[in-house]
Amino acid sequence: MSSASLPIFQSMLGNLSHFLDKAQAFADSKKCDPAALTQYRLAPDMLPFTRQITIACDAAKFGVARLAGVEAPSFTDNETTLAELKERIAKTIAFLSSVPASSIDGTEDKDITFPVGREAKRTMKGEAYLKHWVLPNFFFHVTMAYAILRHNGVELGKTEYLLGARAAG
């Protein structure tokens with residue numbers, strides 16, 4: 001369970017942080033307000049870029065915390081700048097790094113109850129929760145952040161989605 005979660009979240013969050021570096025470089029080179037990116041959404045009923053980042057971080061943070069049976073850190077959810085979003089990603093990675101793999105391993109059959117929307121709750125076994133809820137939700141929001149930046153002209157490719165800053169090195 002730990003190998004299917006911790007390194008995947010840490011790696012992809014690192015890639016997401018790299019996307020933000022590319023977004024800042026884009027805004028600087030085009031002399032545009034980065035808020036044009038952070039508040040952008042692909043459809044009127046879609047959450048903006050900032051929420052894509054916060055939800056991706058929360059999916060990883062809460063998913064790991066619930067599996068490990070530990071308290072997830074509380075973040076304020078008030079990030080508005082690329083730098084603040086990078087800090088949130090860094091805090092999420094730091095939390096993930098603090099969770100021992102041994103606290104996640106063996107949780108395949110553990111009952112995990114979690115909120116679904118504002119009112120409802122759902123219970124799933126740990127393995128199903130990770131594979132069919134947490135990971136798809138996490139990747140959805142990372143992908144939406146990537147798509148928003150690509151749509152706006154930030155030069156990102158599949159290699160950076162998969163390798164992040166390591167692709168440049």
# chains A, B, ... in the order shown; residues from 1 in each chain; ligands from 1
$ residues_around --residues "Val116 in chain A" --least-positions-apart "5" --cutoff "12 Å" --atoms "only C-alpha atoms" --output "ChimeraX atom specification"
/A:121-124,133-134,137
$ residues_around --residues "Phe75 in chain A" --least-positions-apart "5" --cutoff "12 Å" --atoms "only C-alpha atoms" --output "list in words"
Thr54, Ile55, Cys57, Asp58, Lys61, Phe62, Glu84, Leu85, Glu87, Arg88, Ile89, Ala90, Lys91, Thr92 and Phe95 of chain A
$ select_by_dssp --residues "chain A" --states "helix (DSSP H, G or I)" --output "PyMOL selection string"
chain A and resi 6-30+35-38+49-68+82-98+101-103+126-151+158-167
$ write_last_selection --atoms "C-alpha atoms" --output "mmCIF file, in the first residue's frame"
data_model
loop_
_atom_site.group_PDB
_atom_site.id
_atom_site.type_symbol
_atom_site.label_atom_id
_atom_site.label_comp_id
_atom_site.auth_asym_id
_atom_site.auth_seq_id
_atom_site.Cartn_x
_atom_site.Cartn_y
_atom_site.Cartn_z
ATOM 1 C CA LEU A 6 3.668 7.637 -1.017
ATOM 2 C CA PRO A 7 6.233 7.713 -3.855
ATOM 3 C CA ILE A 8 3.538 8.291 -6.473
ATOM 4 C CA PHE A 9 2.072 11.252 -4.614
ATOM 5 C CA GLN A 10 5.507 12.700 -3.843
ATOM 6 C CA SER A 11 6.706 12.373 -7.420
ATOM 7 C CA MET A 12 3.581 13.821 -9.008
ATOM 8 C CA LEU A 13 3.413 16.661 -6.494
ATOM 9 C CA GLY A 14 7.014 17.443 -7.391
ATOM 10 C CA ASN A 15 5.956 17.512 -11.040
ATOM 11 C CA LEU A 16 3.046 19.770 -10.140
ATOM 12 C CA SER A 17 5.459 22.153 -8.427
ATOM 13 C CA HIS A 18 7.521 22.130 -11.626
ATOM 14 C CA PHE A 19 4.370 23.105 -13.572
ATOM 15 C CA LEU A 20 4.098 26.131 -11.303
ATOM 16 C CA ASP A 21 7.710 27.090 -12.034
ATOM 17 C CA LYS A 22 6.923 26.916 -15.733
ATOM 18 C CA ALA A 23 3.744 28.968 -15.194
ATOM 19 C CA GLN A 24 5.725 31.671 -13.358
ATOM 20 C CA ALA A 25 8.354 31.744 -16.108
ATOM 21 C CA PHE A 26 5.574 32.025 -18.691
ATOM 22 C CA ALA A 27 3.896 34.913 -16.833
ATOM 23 C CA ASP A 28 7.250 36.669 -16.439
ATOM 24 C CA SER A 29 8.196 36.262 -20.110
ATOM 25 C CA LYS A 30 4.763 37.393 -21.358
ATOM 26 C CA ALA A 35 -3.700 35.608 -11.601
ATOM 27 C CA ALA A 36 -4.831 35.127 -15.197
ATOM 28 C CA LEU A 37 -3.561 31.568 -14.768
ATOM 29 C CA THR A 38 -4.429 30.927 -11.127
ATOM 30 C CA PHE A 49 -6.611 26.387 -11.259
ATOM 31 C CA THR A 50 -5.947 27.204 -7.590
ATOM 32 C CA ARG A 51 -8.577 24.701 -6.466
ATOM 33 C CA GLN A 52 -7.173 22.034 -8.788
ATOM 34 C CA ILE A 53 -3.880 22.356 -6.905
ATOM 35 C CA THR A 54 -5.422 22.426 -3.437
ATOM 36 C CA ILE A 55 -7.641 19.433 -4.154
ATOM 37 C CA ALA A 56 -4.733 17.417 -5.591
ATOM 38 C CA CYS A 57 -2.758 18.160 -2.416
ATOM 39 C CA ASP A 58 -5.740 17.294 -0.228
ATOM 40 C CA ALA A 59 -6.372 14.015 -2.059
ATOM 41 C CA ALA A 60 -2.828 12.889 -1.307
ATOM 42 C CA LYS A 61 -2.745 14.305 2.228
ATOM 43 C CA PHE A 62 -6.108 12.982 3.392
ATOM 44 C CA GLY A 63 -5.772 9.691 1.534
ATOM 45 C CA VAL A 64 -2.486 8.873 3.234
ATOM 46 C CA ALA A 65 -3.668 10.167 6.618
ATOM 47 C CA ARG A 66 -6.809 8.047 6.547
ATOM 48 C CA LEU A 67 -4.917 4.928 5.528
ATOM 49 C CA ALA A 68 -2.222 5.507 8.167
ATOM 50 C CA LEU A 82 1.810 30.600 -7.690
ATOM 51 C CA ALA A 83 4.300 30.944 -4.820
ATOM 52 C CA GLU A 84 1.605 30.158 -2.245
ATOM 53 C CA LEU A 85 0.512 27.126 -4.260
ATOM 54 C CA LYS A 86 4.132 25.919 -4.426
ATOM 55 C CA GLU A 87 4.330 26.265 -0.642
ATOM 56 C CA ARG A 88 1.178 24.186 -0.232
ATOM 57 C CA ILE A 89 2.669 21.471 -2.412
ATOM 58 C CA ALA A 90 5.890 21.580 -0.371
ATOM 59 C CA LYS A 91 3.924 21.276 2.897
ATOM 60 C CA THR A 92 1.991 18.337 1.489
ATOM 61 C CA ILE A 93 5.188 16.571 0.401
ATOM 62 C CA ALA A 94 6.697 17.225 3.842
ATOM 63 C CA PHE A 95 3.667 15.652 5.516
ATOM 64 C CA LEU A 96 3.790 12.629 3.207
ATOM 65 C CA SER A 97 7.486 12.228 4.011
ATOM 66 C CA SER A 98 6.662 12.130 7.724
ATOM 67 C CA ALA A 101 5.401 3.325 5.187
ATOM 68 C CA SER A 102 4.715 0.728 7.873
ATOM 69 C CA SER A 103 1.620 2.664 8.982
ATOM 70 C CA GLY A 126 -8.330 0.556 2.186
ATOM 71 C CA GLU A 127 -7.126 -0.970 -1.054
ATOM 72 C CA ALA A 128 -10.275 -0.028 -2.962
ATOM 73 C CA TYR A 129 -10.186 3.442 -1.397
ATOM 74 C CA LEU A 130 -6.627 4.000 -2.600
ATOM 75 C CA LYS A 131 -7.032 2.460 -6.059
ATOM 76 C CA HIS A 132 -10.548 3.551 -6.955
ATOM 77 C CA TRP A 133 -11.004 6.822 -5.090
ATOM 78 C CA VAL A 134 -7.819 8.553 -3.945
ATOM 79 C CA LEU A 135 -5.518 7.908 -6.904
ATOM 80 C CA PRO A 136 -8.095 8.692 -9.624
ATOM 81 C CA ASN A 137 -9.151 11.869 -7.793
ATOM 82 C CA PHE A 138 -5.533 12.930 -7.323
ATOM 83 C CA PHE A 139 -4.592 12.338 -10.967
ATOM 84 C CA PHE A 140 -7.763 14.052 -12.190
ATOM 85 C CA HIS A 141 -6.846 17.304 -10.431
ATOM 86 C CA VAL A 142 -3.162 17.150 -11.409
ATOM 87 C CA THR A 143 -4.248 16.606 -15.001
ATOM 88 C CA MET A 144 -6.736 19.484 -14.878
ATOM 89 C CA ALA A 145 -3.999 21.804 -13.568
ATOM 90 C CA TYR A 146 -1.740 20.640 -16.397
ATOM 91 C CA ALA A 147 -4.525 21.144 -18.975
ATOM 92 C CA ILE A 148 -5.319 24.655 -17.741
ATOM 93 C CA LEU A 149 -1.692 25.696 -18.061
ATOM 94 C CA ARG A 150 -1.304 24.053 -21.481
ATOM 95 C CA HIS A 151 -4.509 25.696 -22.693
ATOM 96 C CA LYS A 158 4.000 14.782 -21.530
ATOM 97 C CA THR A 159 7.604 14.285 -20.415
ATOM 98 C CA GLU A 160 7.195 17.037 -17.833
ATOM 99 C CA TYR A 161 3.880 15.576 -16.696
ATOM 100 C CA LEU A 162 5.664 12.298 -16.060
ATOM 101 C CA LEU A 163 9.108 13.534 -14.972
ATOM 102 C CA GLY A 164 8.716 17.181 -13.966
ATOM 103 C CA ALA A 165 11.986 18.997 -13.301
ATOM 104 C CA ARG A 166 13.883 15.738 -13.816
ATOM 105 C CA ALA A 167 13.029 15.992 -17.535
#
$ atom_distance --atom1 "CA of Asn152 in chain A" --atom2 "CA of Asn78 in chain A"
22.9 Å
$ atom_distance --atom1 "CA of Lys31 in chain A" --atom2 "CA of Gly153 in chain A"
13.3 Å
$ atom_distance --atom1 "CA of Thr80 in chain A" --atom2 "CA of Leu47 in chain A"
13.4 Å
